[in-house]
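S.K.: One structure is given below, represented as C-alpha cells, and several questions about it will come after.
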Amino acid sequence: MNKSFTDGWRGRIGLVATAPGNATEAEFNRYRPEGVAVLTTRTPLTSSTPEGIRRMNESVEDAAAMLAQNAYCDVVLCSSTAGSFVDGRETDDAKAAEMSEKYGCKVITSAQCMLRALSAVGAGTGTLITPSSEMLNRVEVAYLNSAGISVTAQGGFHLSCPRDILAVQPEEVAELARKADCRQSDAVLLSCSGLHVMELIEPLEKELKKPVIASNQFGLWGSLRALDLKDNIPGIGMLWQY
C-alpha cells in the first residue's frame with residue numbers, strides 16, 4: 001500500500017492557472033487547510049476575449065494531464081472561470097468528465113464550482129462583477145442563464161488585456177460591487193481568477209447583507225469539497241458554511 005505524501009497527506013489539488021496572473025496560486029496557498037497541498041501549472045493567456053480564452057484552452061488538457069499523472073494530484077481544477085464558461089455548460093461538463101476518465105483523476109472547472117456555490121448559498125439571481133471585455137461578459141451571462149441564474153445587475157472594467165487586469169486594485173472591485181448591486185440580486189459574483197479579492201468577501205457581505213462569491217474562493221471551496229473535505233475556512237465568506 002502506498003504511504004501518504006508528506007505534503008498533501010489530506011489531499012493534493014492541482015491548479016491549471018493562467019499566465020501571467022498569480023492570484024489563484026497565492027490565495028489557495030494562503031487559505032488552504034493544513035495537510036492539503038497545492039500544485040500549479042500555467043496556460044498562456046494573451047487576450048481576455050472569447051477568442052483569446054479559446055486559444056488558451058488549447059493548452060489546458062496537457063496541463064491537467066501533467067498534474068494528474070506526474071504531480072499525483074487527487075483533484076485538478078481548471079481554474080480560469082472564463083476558460084470554463086466560454087463554450088457553454090454542456091461542453092465544459094463533457095470535457096471535465098472526459099479528462100477525469102482519461103487521466104484517472106477528478107477534474108473540475110471553475111465554472112462548475114461557481115454554479116455549485118450559487119446553488120449552495122441559494123442564489124437564483126446575482127450581480128455580476130468582472131474585469132473582462134464586454135464580449136466575454138455577454139458569454140458569461142448566457143452561461144449563467146443556461147443554468148437558471150438571472151443576472152439582475154452588472155459592473156465591469158471592460159478590459160481585454162490581461163496585463164491591465166493585473167493592475168485592478170481590490171478596493172476598485174469593492175467600489176464597483178457597491179455601485180452595481182441591487183436588491184433583486186440574491187448574491188454578488190466577483191468573476192475572474194485573476195482578481196485578488198479574498199479579503200473583500202466578508203466585509204462586502206456585511207455591508208451588502210448577502211453572499212459574495214469570488215472565483216478563487218469558490219475554486220478552493222469546490223476543490224476541497226471534491227476531496228470530501230468539509231473544512232469551514234473563516235474570514236472568506238458565507239459559502240464556507242456549506
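Residue numbering restarts at 1 in every chain; chains get A, B, ... in the order shown in the C-alpha cells, and ligands count up from 1 in that same order.
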As a tab-separated table (two decimals) with all heavy atoms, in the first residue's frame, please: every residue in stretch 71-162 of chain A that DSSP puts in alpha helix (DSSP H).
M.R.:
```tsv
chain	number	residue	atom	x	y	z
A	81	THR	N	-12.10	30.89	-14.82
A	81	THR	CA	-13.55	30.90	-14.88
A	81	THR	C	-14.02	31.10	-16.32
A	81	THR	O	-14.88	30.36	-16.81
A	81	THR	CB	-14.12	32.00	-13.97
A	81	THR	OG1	-13.53	31.88	-12.67
A	81	THR	CG2	-15.63	31.86	-13.84
A	82	ALA	N	-13.43	32.06	-17.02
A	82	ALA	CA	-13.80	32.29	-18.41
A	82	ALA	C	-13.45	31.08	-19.28
A	82	ALA	O	-14.19	30.72	-20.20
A	82	ALA	CB	-13.12	33.54	-18.94
A	83	GLY	N	-12.32	30.45	-18.98
A	83	GLY	CA	-11.92	29.29	-19.76
A	83	GLY	C	-12.93	28.17	-19.70
A	83	GLY	O	-13.07	27.39	-20.65
A	84	SER	N	-13.65	28.09	-18.60
A	84	SER	CA	-14.62	27.00	-18.46
A	84	SER	C	-16.03	27.38	-18.87
A	84	SER	O	-16.84	26.49	-19.16
A	84	SER	CB	-14.60	26.45	-17.02
A	84	SER	OG	-14.64	27.46	-16.04
A	85	PHE	N	-16.35	28.67	-18.96
A	85	PHE	CA	-17.71	29.01	-19.42
A	85	PHE	C	-17.77	29.40	-20.89
A	85	PHE	O	-18.85	29.48	-21.48
A	85	PHE	CB	-18.37	30.08	-18.56
A	85	PHE	CG	-17.81	31.49	-18.65
A	85	PHE	CD1	-17.82	32.21	-19.84
A	85	PHE	CD2	-17.31	32.13	-17.51
A	85	PHE	CE1	-17.33	33.51	-19.91
A	85	PHE	CE2	-16.82	33.43	-17.57
A	85	PHE	CZ	-16.83	34.12	-18.78
A	89	ARG	N	-22.06	25.42	-20.97
A	89	ARG	CA	-22.09	24.47	-19.86
A	89	ARG	C	-21.93	23.02	-20.33
A	89	ARG	O	-21.18	22.24	-19.73
A	89	ARG	CB	-23.41	24.64	-19.10
A	89	ARG	CG	-23.50	23.84	-17.84
A	89	ARG	CD	-24.83	24.09	-17.15
A	89	ARG	NE	-24.94	23.32	-15.92
A	89	ARG	CZ	-26.07	23.20	-15.23
A	89	ARG	NH1	-27.16	23.84	-15.65
A	89	ARG	NH2	-26.10	22.49	-14.13
A	90	GLU	N	-22.62	22.65	-21.39
A	90	GLU	CA	-22.56	21.27	-21.86
A	90	GLU	C	-21.14	20.88	-22.27
A	90	GLU	O	-20.64	19.81	-21.92
A	90	GLU	CB	-23.53	21.08	-23.03
A	90	GLU	CG	-23.64	19.65	-23.51
A	90	GLU	CD	-24.70	19.48	-24.59
A	90	GLU	OE1	-25.68	20.26	-24.60
A	90	GLU	OE2	-24.53	18.58	-25.43
A	91	THR	N	-20.48	21.76	-23.01
A	91	THR	CA	-19.11	21.50	-23.45
A	91	THR	C	-18.17	21.40	-22.26
A	91	THR	O	-17.31	20.51	-22.19
A	91	THR	CB	-18.64	22.60	-24.41
A	91	THR	OG1	-19.46	22.58	-25.58
A	91	THR	CG2	-17.19	22.40	-24.82
A	92	ASP	N	-18.31	22.31	-21.31
A	92	ASP	CA	-17.44	22.32	-20.14
A	92	ASP	C	-17.60	21.04	-19.31
A	92	ASP	O	-16.62	20.41	-18.93
A	92	ASP	CB	-17.76	23.55	-19.28
A	92	ASP	CG	-16.85	23.69	-18.08
A	92	ASP	OD1	-15.62	23.58	-18.26
A	92	ASP	OD2	-17.35	23.92	-16.97
A	93	ASP	N	-18.84	20.66	-19.06
A	93	ASP	CA	-19.09	19.45	-18.27
A	93	ASP	C	-18.55	18.21	-18.98
A	93	ASP	O	-17.95	17.32	-18.34
A	93	ASP	CB	-20.59	19.28	-18.02
A	93	ASP	CG	-21.15	20.29	-17.04
A	93	ASP	OD1	-20.36	20.98	-16.36
A	93	ASP	OD2	-22.39	20.41	-16.95
A	94	ALA	N	-18.75	18.14	-20.29
A	94	ALA	CA	-18.29	16.97	-21.04
A	94	ALA	C	-16.77	16.88	-21.05
A	94	ALA	O	-16.21	15.78	-20.90
A	94	ALA	CB	-18.82	17.04	-22.48
A	95	LYS	N	-16.09	18.01	-21.19
A	95	LYS	CA	-14.63	18.00	-21.23
A	95	LYS	C	-14.06	17.60	-19.87
A	95	LYS	O	-13.09	16.81	-19.80
A	95	LYS	CB	-14.10	19.38	-21.63
A	95	LYS	CG	-12.62	19.40	-21.93
A	95	LYS	CD	-12.27	18.51	-23.11
A	95	LYS	CE	-10.80	18.56	-23.46
A	95	LYS	NZ	-10.46	17.62	-24.55
A	96	ALA	N	-14.64	18.10	-18.79
A	96	ALA	CA	-14.16	17.72	-17.45
A	96	ALA	C	-14.37	16.24	-17.20
A	96	ALA	O	-13.48	15.56	-16.65
A	96	ALA	CB	-14.89	18.55	-16.40
A	97	ALA	N	-15.50	15.71	-17.60
A	97	ALA	CA	-15.77	14.29	-17.42
A	97	ALA	C	-14.82	13.44	-18.26
A	97	ALA	O	-14.32	12.40	-17.80
A	97	ALA	CB	-17.22	13.98	-17.80
A	98	GLU	N	-14.56	13.88	-19.48
A	98	GLU	CA	-13.65	13.15	-20.37
A	98	GLU	C	-12.24	13.10	-19.78
A	98	GLU	O	-11.59	12.03	-19.77
A	98	GLU	CB	-13.62	13.82	-21.74
A	98	GLU	CG	-12.67	13.19	-22.74
A	98	GLU	CD	-12.56	14.00	-24.02
A	98	GLU	OE1	-13.54	14.67	-24.40
A	98	GLU	OE2	-11.47	13.98	-24.63
A	99	MET	N	-11.74	14.22	-19.29
A	99	MET	CA	-10.39	14.25	-18.71
A	99	MET	C	-10.33	13.43	-17.43
A	99	MET	O	-9.32	12.76	-17.16
A	99	MET	CB	-9.95	15.70	-18.47
A	99	MET	CG	-9.63	16.46	-19.74
A	99	MET	SD	-8.79	18.05	-19.44
A	99	MET	CE	-10.15	19.02	-18.77
A	100	SER	N	-11.39	13.48	-16.62
A	100	SER	CA	-11.41	12.69	-15.39
A	100	SER	C	-11.24	11.21	-15.70
A	100	SER	O	-10.45	10.50	-15.04
A	100	SER	CB	-12.73	12.91	-14.64
A	100	SER	OG	-12.87	14.25	-14.23
A	101	GLU	N	-11.96	10.74	-16.69
A	101	GLU	CA	-11.88	9.31	-17.05
A	101	GLU	C	-10.54	8.98	-17.69
A	101	GLU	O	-9.92	7.95	-17.38
A	101	GLU	CB	-13.02	8.97	-18.01
A	101	GLU	CG	-13.05	7.49	-18.39
A	101	GLU	CD	-14.25	7.14	-19.24
A	101	GLU	OE1	-15.11	8.02	-19.47
A	101	GLU	OE2	-14.34	5.97	-19.67
A	102	LYS	N	-10.06	9.86	-18.54
A	102	LYS	CA	-8.83	9.60	-19.29
A	102	LYS	C	-7.60	9.57	-18.39
A	102	LYS	O	-6.70	8.73	-18.59
A	102	LYS	CB	-8.67	10.68	-20.35
A	102	LYS	CG	-7.52	10.47	-21.33
A	102	LYS	CD	-7.58	11.54	-22.42
A	102	LYS	CE	-6.46	11.38	-23.43
A	102	LYS	NZ	-6.55	12.42	-24.50
A	103	TYR	N	-7.57	10.44	-17.38
A	103	TYR	CA	-6.35	10.58	-16.57
A	103	TYR	C	-6.48	9.99	-15.17
A	103	TYR	O	-5.55	10.08	-14.36
A	103	TYR	CB	-5.92	12.05	-16.51
A	103	TYR	CG	-5.65	12.60	-17.89
A	103	TYR	CD1	-6.41	13.64	-18.41
A	103	TYR	CD2	-4.67	12.04	-18.70
A	103	TYR	CE1	-6.18	14.12	-19.69
A	103	TYR	CE2	-4.42	12.51	-19.98
A	103	TYR	CZ	-5.19	13.54	-20.47
A	103	TYR	OH	-4.96	14.02	-21.74
A	110	SER	N	-13.68	25.82	-12.86
A	110	SER	CA	-14.10	26.97	-12.07
A	110	SER	C	-15.58	27.28	-12.29
A	110	SER	O	-16.30	27.60	-11.34
A	110	SER	CB	-13.24	28.19	-12.45
A	110	SER	OG	-13.61	29.32	-11.70
A	111	ALA	N	-16.05	27.17	-13.53
A	111	ALA	CA	-17.46	27.47	-13.79
A	111	ALA	C	-18.38	26.46	-13.11
A	111	ALA	O	-19.45	26.82	-12.63
A	111	ALA	CB	-17.72	27.51	-15.29
A	112	GLN	N	-17.98	25.20	-13.07
A	112	GLN	CA	-18.75	24.21	-12.32
A	112	GLN	C	-18.82	24.58	-10.85
A	112	GLN	O	-19.89	24.50	-10.22
A	112	GLN	CB	-18.14	22.82	-12.48
A	112	GLN	CG	-18.29	22.21	-13.86
A	112	GLN	CD	-17.58	20.87	-13.98
A	112	GLN	OE1	-16.57	20.62	-13.32
A	112	GLN	NE2	-18.11	19.99	-14.82
A	113	CYS	N	-17.69	24.97	-10.29
A	113	CYS	CA	-17.65	25.38	-8.88
A	113	CYS	C	-18.52	26.60	-8.65
A	113	CYS	O	-19.19	26.72	-7.61
A	113	CYS	CB	-16.22	25.67	-8.44
A	113	CYS	SG	-15.11	24.24	-8.43
A	114	MET	N	-18.54	27.53	-9.60
A	114	MET	CA	-19.36	28.73	-9.50
A	114	MET	C	-20.84	28.38	-9.38
A	114	MET	O	-21.54	28.89	-8.50
A	114	MET	CB	-19.13	29.62	-10.72
A	114	MET	CG	-20.00	30.85	-10.80
A	114	MET	SD	-19.55	31.93	-12.20
A	114	MET	CE	-20.01	30.91	-13.60
A	115	LEU	N	-21.31	27.49	-10.24
A	115	LEU	CA	-22.72	27.10	-10.19
A	115	LEU	C	-23.05	26.36	-8.90
A	115	LEU	O	-24.12	26.57	-8.31
A	115	LEU	CB	-23.07	26.24	-11.39
A	115	LEU	CG	-23.00	26.91	-12.76
A	115	LEU	CD1	-23.46	25.95	-13.84
A	115	LEU	CD2	-23.80	28.21	-12.81
A	116	ARG	N	-22.14	25.51	-8.44
A	116	ARG	CA	-22.37	24.79	-7.19
A	116	ARG	C	-22.40	25.75	-6.01
A	116	ARG	O	-23.20	25.59	-5.09
A	116	ARG	CB	-21.29	23.72	-7.00
A	116	ARG	CG	-21.42	22.57	-7.98
A	116	ARG	CD	-20.18	21.70	-8.01
A	116	ARG	NE	-20.27	20.72	-9.09
A	116	ARG	CZ	-19.23	20.10	-9.64
A	116	ARG	NH1	-17.99	20.36	-9.20
A	116	ARG	NH2	-19.39	19.23	-10.62
A	117	ALA	N	-21.55	26.77	-6.06
A	117	ALA	CA	-21.53	27.76	-4.98
A	117	ALA	C	-22.80	28.59	-4.97
A	117	ALA	O	-23.39	28.84	-3.91
A	117	ALA	CB	-20.30	28.66	-5.13
A	118	LEU	N	-23.25	29.03	-6.12
A	118	LEU	CA	-24.50	29.79	-6.20
A	118	LEU	C	-25.67	28.96	-5.68
A	118	LEU	O	-26.54	29.46	-4.96
A	118	LEU	CB	-24.76	30.24	-7.63
A	118	LEU	CG	-23.86	31.37	-8.15
A	118	LEU	CD1	-23.96	31.49	-9.66
A	118	LEU	CD2	-24.20	32.70	-7.48
A	119	SER	N	-25.69	27.69	-6.04
A	119	SER	CA	-26.74	26.79	-5.54
A	119	SER	C	-26.64	26.63	-4.03
A	119	SER	O	-27.65	26.65	-3.32
A	119	SER	CB	-26.63	25.43	-6.23
A	119	SER	OG	-27.58	24.52	-5.71
A	120	ALA	N	-25.42	26.48	-3.52
A	120	ALA	CA	-25.22	26.26	-2.08
A	120	ALA	C	-25.75	27.42	-1.26
A	120	ALA	O	-26.35	27.22	-0.20
A	120	ALA	CB	-23.75	26.02	-1.79
A	134	GLU	N	-16.44	43.30	-22.77
A	134	GLU	CA	-17.89	43.21	-22.87
A	134	GLU	C	-18.33	41.95	-23.61
A	134	GLU	O	-19.34	41.33	-23.26
A	134	GLU	CB	-18.45	44.45	-23.56
A	134	GLU	CG	-18.29	45.72	-22.74
A	134	GLU	CD	-18.98	46.92	-23.38
A	134	GLU	OE1	-20.20	46.86	-23.54
A	134	GLU	OE2	-18.28	47.88	-23.72
A	135	MET	N	-17.57	41.53	-24.62
A	135	MET	CA	-17.90	40.31	-25.35
A	135	MET	C	-17.87	39.11	-24.43
A	135	MET	O	-18.77	38.27	-24.45
A	135	MET	CB	-16.90	40.09	-26.50
A	135	MET	CG	-17.04	41.04	-27.66
A	135	MET	SD	-15.90	40.57	-29.02
A	135	MET	CE	-14.30	40.83	-28.22
A	136	LEU	N	-16.84	39.02	-23.60
A	136	LEU	CA	-16.72	37.90	-22.68
A	136	LEU	C	-17.80	37.95	-21.60
A	136	LEU	O	-18.34	36.92	-21.20
A	136	LEU	CB	-15.33	37.90	-22.04
A	136	LEU	CG	-14.85	36.59	-21.43
A	136	LEU	CD1	-14.89	35.45	-22.43
A	136	LEU	CD2	-13.44	36.76	-20.88
A	137	ASN	N	-18.15	39.14	-21.18
A	137	ASN	CA	-19.23	39.28	-20.19
A	137	ASN	C	-20.56	38.77	-20.74
A	137	ASN	O	-21.33	38.13	-20.02
A	137	ASN	CB	-19.37	40.75	-19.77
A	137	ASN	CG	-18.20	41.22	-18.94
A	137	ASN	OD1	-17.45	40.43	-18.40
A	137	ASN	ND2	-18.04	42.54	-18.86
A	138	ARG	N	-20.82	39.03	-22.01
A	138	ARG	CA	-22.07	38.53	-22.62
A	138	ARG	C	-22.10	37.01	-22.63
A	138	ARG	O	-23.15	36.40	-22.40
A	138	ARG	CB	-22.23	39.10	-24.03
A	138	ARG	CG	-22.60	40.58	-24.06
A	138	ARG	CD	-23.09	41.01	-25.42
A	138	ARG	NE	-22.03	41.01	-26.43
A	138	ARG	CZ	-21.25	42.05	-26.69
A	138	ARG	NH1	-21.42	43.19	-26.02
A	138	ARG	NH2	-20.32	41.98	-27.61
A	139	VAL	N	-20.95	36.41	-22.89
A	139	VAL	CA	-20.87	34.94	-22.88
A	139	VAL	C	-21.12	34.41	-21.47
A	139	VAL	O	-21.81	33.39	-21.29
A	139	VAL	CB	-19.49	34.48	-23.40
A	139	VAL	CG1	-19.35	32.96	-23.29
A	139	VAL	CG2	-19.29	34.90	-24.85
A	140	GLU	N	-20.60	35.09	-20.46
A	140	GLU	CA	-20.80	34.62	-19.09
A	140	GLU	C	-22.27	34.75	-18.67
A	140	GLU	O	-22.81	33.85	-18.01
A	140	GLU	CB	-19.91	35.39	-18.11
A	140	GLU	CG	-20.05	34.87	-16.70
A	140	GLU	CD	-18.94	35.27	-15.77
A	140	GLU	OE1	-18.16	36.19	-16.12
A	140	GLU	OE2	-18.82	34.67	-14.68
A	141	VAL	N	-22.91	35.83	-19.05
A	141	VAL	CA	-24.33	35.99	-18.73
A	141	VAL	C	-25.14	34.86	-19.37
A	141	VAL	O	-26.02	34.27	-18.74
A	141	VAL	CB	-24.85	37.36	-19.20
A	141	VAL	CG1	-26.37	37.43	-19.09
A	141	VAL	CG2	-24.21	38.48	-18.37
A	142	ALA	N	-24.83	34.52	-20.62
A	142	ALA	CA	-25.52	33.42	-21.30
A	142	ALA	C	-25.28	32.10	-20.58
A	142	ALA	O	-26.21	31.27	-20.44
A	142	ALA	CB	-25.07	33.33	-22.75
A	143	TYR	N	-24.06	31.87	-20.10
A	143	TYR	CA	-23.75	30.64	-19.36
A	143	TYR	C	-24.57	30.58	-18.08
A	143	TYR	O	-25.18	29.54	-17.76
A	143	TYR	CB	-22.25	30.61	-19.04
A	143	TYR	CG	-21.84	29.41	-18.22
A	143	TYR	CD1	-21.43	28.23	-18.83
A	143	TYR	CD2	-21.87	29.45	-16.82
A	143	TYR	CE1	-21.06	27.13	-18.08
A	143	TYR	CE2	-21.52	28.35	-16.07
A	143	TYR	CZ	-21.10	27.19	-16.70
A	143	TYR	OH	-20.76	26.10	-15.94
A	144	LEU	N	-24.61	31.66	-17.33
A	144	LEU	CA	-25.39	31.68	-16.09
A	144	LEU	C	-26.87	31.48	-16.37
A	144	LEU	O	-27.55	30.73	-15.67
A	144	LEU	CB	-25.14	32.99	-15.35
A	144	LEU	CG	-23.75	33.16	-14.74
A	144	LEU	CD1	-23.48	34.62	-14.38
A	144	LEU	CD2	-23.58	32.28	-13.52
A	145	ASN	N	-27.38	32.15	-17.41
A	145	ASN	CA	-28.78	31.99	-17.76
A	145	ASN	C	-29.11	30.54	-18.10
A	145	ASN	O	-30.19	30.03	-17.77
A	145	ASN	CB	-29.15	32.89	-18.94
A	145	ASN	CG	-29.18	34.36	-18.57
A	145	ASN	OD1	-29.21	34.72	-17.40
A	145	ASN	ND2	-29.17	35.22	-19.58
A	146	SER	N	-28.18	29.84	-18.78
A	146	SER	CA	-28.41	28.45	-19.16
A	146	SER	C	-28.53	27.54	-17.94
A	146	SER	O	-29.11	26.46	-18.02
A	146	SER	CB	-27.27	27.95	-20.06
A	146	SER	OG	-26.08	27.69	-19.31
A	162	PRO	N	-4.79	41.08	-20.46
A	162	PRO	CA	-4.53	40.50	-19.13
A	162	PRO	C	-3.62	41.35	-18.26
A	162	PRO	O	-3.78	41.39	-17.04
A	162	PRO	CB	-3.90	39.15	-19.46
A	162	PRO	CG	-4.42	38.81	-20.82
A	162	PRO	CD	-4.52	40.13	-21.54
```
S.K.: Give me, as a PDB file with N, CA and C atoms, in the first residue's frame, all polymer residues having an atom no more than 12 Å from A:Gln169, counting only C-alpha atoms and skipping those fewer than 4 positions away in the same chain.
M.R.:
```
ATOM      1  N   PRO A 131     -13.647  41.966 -14.612  1.00  0.00           N
ATOM      2  CA  PRO A 131     -12.745  42.926 -15.237  1.00  0.00           C
ATOM      3  C   PRO A 131     -12.697  42.782 -16.753  1.00  0.00           C
ATOM      4  N   PHE A 157     -14.987  46.368 -15.709  1.00  0.00           N
ATOM      5  CA  PHE A 157     -13.906  47.258 -16.106  1.00  0.00           C
ATOM      6  C   PHE A 157     -13.666  47.201 -17.616  1.00  0.00           C
ATOM      7  N   ASP A 164      -3.585  44.553 -18.022  1.00  0.00           N
ATOM      8  CA  ASP A 164      -4.399  45.581 -17.395  1.00  0.00           C
ATOM      9  C   ASP A 164      -5.219  45.010 -16.240  1.00  0.00           C
ATOM     10  N   ILE A 165      -5.692  43.771 -16.398  1.00  0.00           N
ATOM     11  CA  ILE A 165      -6.464  43.139 -15.324  1.00  0.00           C
ATOM     12  C   ILE A 165      -5.611  42.972 -14.078  1.00  0.00           C
ATOM     13  N   VAL A 173     -12.574  46.961  -7.092  1.00  0.00           N
ATOM     14  CA  VAL A 173     -13.584  45.914  -7.259  1.00  0.00           C
ATOM     15  C   VAL A 173     -14.703  46.100  -6.240  1.00  0.00           C
ATOM     16  N   ALA A 174     -14.325  46.376  -4.992  1.00  0.00           N
ATOM     17  CA  ALA A 174     -15.325  46.580  -3.948  1.00  0.00           C
ATOM     18  C   ALA A 174     -16.229  47.759  -4.271  1.00  0.00           C
ATOM     19  N   GLU A 175     -15.662  48.852  -4.735  1.00  0.00           N
ATOM     20  CA  GLU A 175     -16.457  50.048  -5.056  1.00  0.00           C
ATOM     21  C   GLU A 175     -17.409  49.771  -6.212  1.00  0.00           C
ATOM     22  N   LEU A 176     -16.934  49.029  -7.210  1.00  0.00           N
ATOM     23  CA  LEU A 176     -17.793  48.686  -8.337  1.00  0.00           C
ATOM     24  C   LEU A 176     -18.955  47.804  -7.881  1.00  0.00           C
ATOM     25  N   GLY A 194      -8.159  36.031 -11.836  1.00  0.00           N
ATOM     26  CA  GLY A 194      -7.019  36.940 -11.787  1.00  0.00           C
ATOM     27  C   GLY A 194      -7.153  38.050 -10.772  1.00  0.00           C
ATOM     28  N   LEU A 195      -8.313  38.165 -10.123  1.00  0.00           N
ATOM     29  CA  LEU A 195      -8.532  39.237  -9.150  1.00  0.00           C
ATOM     30  C   LEU A 195      -8.109  38.800  -7.748  1.00  0.00           C
ATOM     31  N   HIS A 196      -7.419  39.677  -7.045  1.00  0.00           N
ATOM     32  CA  HIS A 196      -7.062  39.457  -5.640  1.00  0.00           C
ATOM     33  C   HIS A 196      -8.182  40.060  -4.780  1.00  0.00           C
ATOM     34  N   VAL A 197      -9.170  39.256  -4.414  1.00  0.00           N
ATOM     35  CA  VAL A 197     -10.343  39.810  -3.727  1.00  0.00           C
ATOM     36  C   VAL A 197     -10.780  39.009  -2.495  1.00  0.00           C
ATOM     37  N   GLU A 199      -9.923  39.006   0.579  1.00  0.00           N
ATOM     38  CA  GLU A 199     -10.104  39.794   1.796  1.00  0.00           C
ATOM     39  C   GLU A 199     -11.318  40.724   1.719  1.00  0.00           C
ATOM     40  N   LEU A 200     -11.854  40.923   0.516  1.00  0.00           N
ATOM     41  CA  LEU A 200     -13.037  41.779   0.354  1.00  0.00           C
ATOM     42  C   LEU A 200     -14.323  41.063   0.711  1.00  0.00           C
TER      43      LEU A 200
END
```
S.K.: Extract, using only C-alpha atoms, all DNA, RNA and protein residues at most 12 Å from A:Ile236, discarding same-chain residues fewer than 2 positions from it, and format them as a PyMOL selection string.
M.R.: chain A and resi 27-28+30-32+197-206+211-218+220-221+232-234+238-241
S.K.: In Å, how far is it from atom CA of A:Leu67 to atom CA of A:Leu190?
M.R.: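 Between these atoms lies a distance of 26.8 Å.
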S.K.: Using DSSP assignments from the backbone, pull out every residue in stretch 114-240 of chain A that falls under strand (DSSP E) and give it to me as a ChimeraX atom specification.
M.R.: /A:125-130,150-156,187-190,212-214
S.K.: Please, could you write that set of residues out with N, CA and C atoms as an mmCIF file, in the first residue's frame?
M.R.:
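Okay, out_34.cif is ready:
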```cif
data_model
loop_
_atom_site.group_PDB
_atom_site.id
_atom_site.type_symbol
_atom_site.label_atom_id
_atom_site.label_comp_id
_atom_site.auth_asym_id
_atom_site.auth_seq_id
_atom_site.Cartn_x
_atom_site.Cartn_y
_atom_site.Cartn_z
ATOM 1 N N THR A 125 -30.510 34.639 -8.477
ATOM 2 C CA THR A 125 -30.205 35.884 -9.175
ATOM 3 C C THR A 125 -28.879 36.406 -8.643
ATOM 4 N N GLY A 126 -28.197 37.237 -9.445
ATOM 5 C CA GLY A 126 -26.912 37.726 -8.977
ATOM 6 C C GLY A 126 -26.475 39.004 -9.652
ATOM 7 N N THR A 127 -25.620 39.735 -8.951
ATOM 8 C CA THR A 127 -24.905 40.872 -9.515
ATOM 9 C C THR A 127 -23.554 40.379 -9.990
ATOM 10 N N LEU A 128 -23.254 40.562 -11.263
ATOM 11 C CA LEU A 128 -22.018 40.065 -11.867
ATOM 12 C C LEU A 128 -21.005 41.196 -11.992
ATOM 13 N N ILE A 129 -19.834 40.982 -11.398
ATOM 14 C CA ILE A 129 -18.727 41.941 -11.468
ATOM 15 C C ILE A 129 -17.542 41.249 -12.120
ATOM 16 N N THR A 130 -17.019 41.808 -13.209
ATOM 17 C CA THR A 130 -15.858 41.218 -13.877
ATOM 18 C C THR A 130 -14.917 42.323 -14.359
ATOM 19 N N SER A 150 -30.297 34.248 -13.097
ATOM 20 C CA SER A 150 -30.571 35.529 -13.753
ATOM 21 C C SER A 150 -29.587 36.589 -13.256
ATOM 22 N N VAL A 151 -28.960 37.282 -14.184
ATOM 23 C CA VAL A 151 -28.063 38.394 -13.836
ATOM 24 C C VAL A 151 -28.909 39.649 -13.770
ATOM 25 N N THR A 152 -29.119 40.146 -12.559
ATOM 26 C CA THR A 152 -30.012 41.290 -12.355
ATOM 27 C C THR A 152 -29.280 42.625 -12.327
ATOM 28 N N ALA A 153 -27.944 42.579 -12.226
ATOM 29 C CA ALA A 153 -27.146 43.806 -12.261
ATOM 30 C C ALA A 153 -25.730 43.428 -12.673
ATOM 31 N N GLN A 154 -25.019 44.367 -13.271
ATOM 32 C CA GLN A 154 -23.658 44.119 -13.731
ATOM 33 C C GLN A 154 -22.765 45.328 -13.493
ATOM 34 N N GLY A 155 -21.496 45.048 -13.322
ATOM 35 C CA GLY A 155 -20.479 46.081 -13.288
ATOM 36 C C GLY A 155 -19.199 45.501 -13.848
ATOM 37 N N GLY A 156 -18.470 46.287 -14.642
ATOM 38 C CA GLY A 156 -17.256 45.745 -15.243
ATOM 39 C C GLY A 156 -16.236 46.813 -15.554
ATOM 40 N N ALA A 187 -27.117 37.373 -4.607
ATOM 41 C CA ALA A 187 -25.693 37.261 -4.281
ATOM 42 C C ALA A 187 -24.901 38.160 -5.214
ATOM 43 N N VAL A 188 -23.662 38.434 -4.833
ATOM 44 C CA VAL A 188 -22.730 39.175 -5.685
ATOM 45 C C VAL A 188 -21.652 38.201 -6.142
ATOM 46 N N LEU A 189 -21.391 38.173 -7.438
ATOM 47 C CA LEU A 189 -20.416 37.273 -8.038
ATOM 48 C C LEU A 189 -19.245 38.085 -8.574
ATOM 49 N N LEU A 190 -18.076 37.892 -7.974
ATOM 50 C CA LEU A 190 -16.843 38.539 -8.438
ATOM 51 C C LEU A 190 -16.122 37.509 -9.302
ATOM 52 N N VAL A 212 -21.354 36.874 -0.982
ATOM 53 C CA VAL A 212 -20.428 37.306 -2.027
ATOM 54 C C VAL A 212 -19.564 36.103 -2.372
ATOM 55 N N ILE A 213 -19.548 35.733 -3.638
ATOM 56 C CA ILE A 213 -18.694 34.617 -4.045
ATOM 57 C C ILE A 213 -17.722 35.096 -5.114
ATOM 58 N N ALA A 214 -16.510 34.557 -5.079
ATOM 59 C CA ALA A 214 -15.440 35.002 -5.964
ATOM 60 C C ALA A 214 -14.694 33.788 -6.507
#
```
S.K.: Here is a test: counting only C-alpha atoms, which residue of A:His158, A:Lys209, A:Leu229, A:Ile108 is nearest to A:Arg183?
M.R.: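 So, comparing all the options, the nearest one is A:Lys209.
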S.K.: What is the distance, in Å and to one decimal place, between atom CA of A:Phe5 and atom CA of A:Val38?
M.R.: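 If I compute the distance from atom CA of A:Phe5 to atom CA of A:Val38, I get 12.5 Å.
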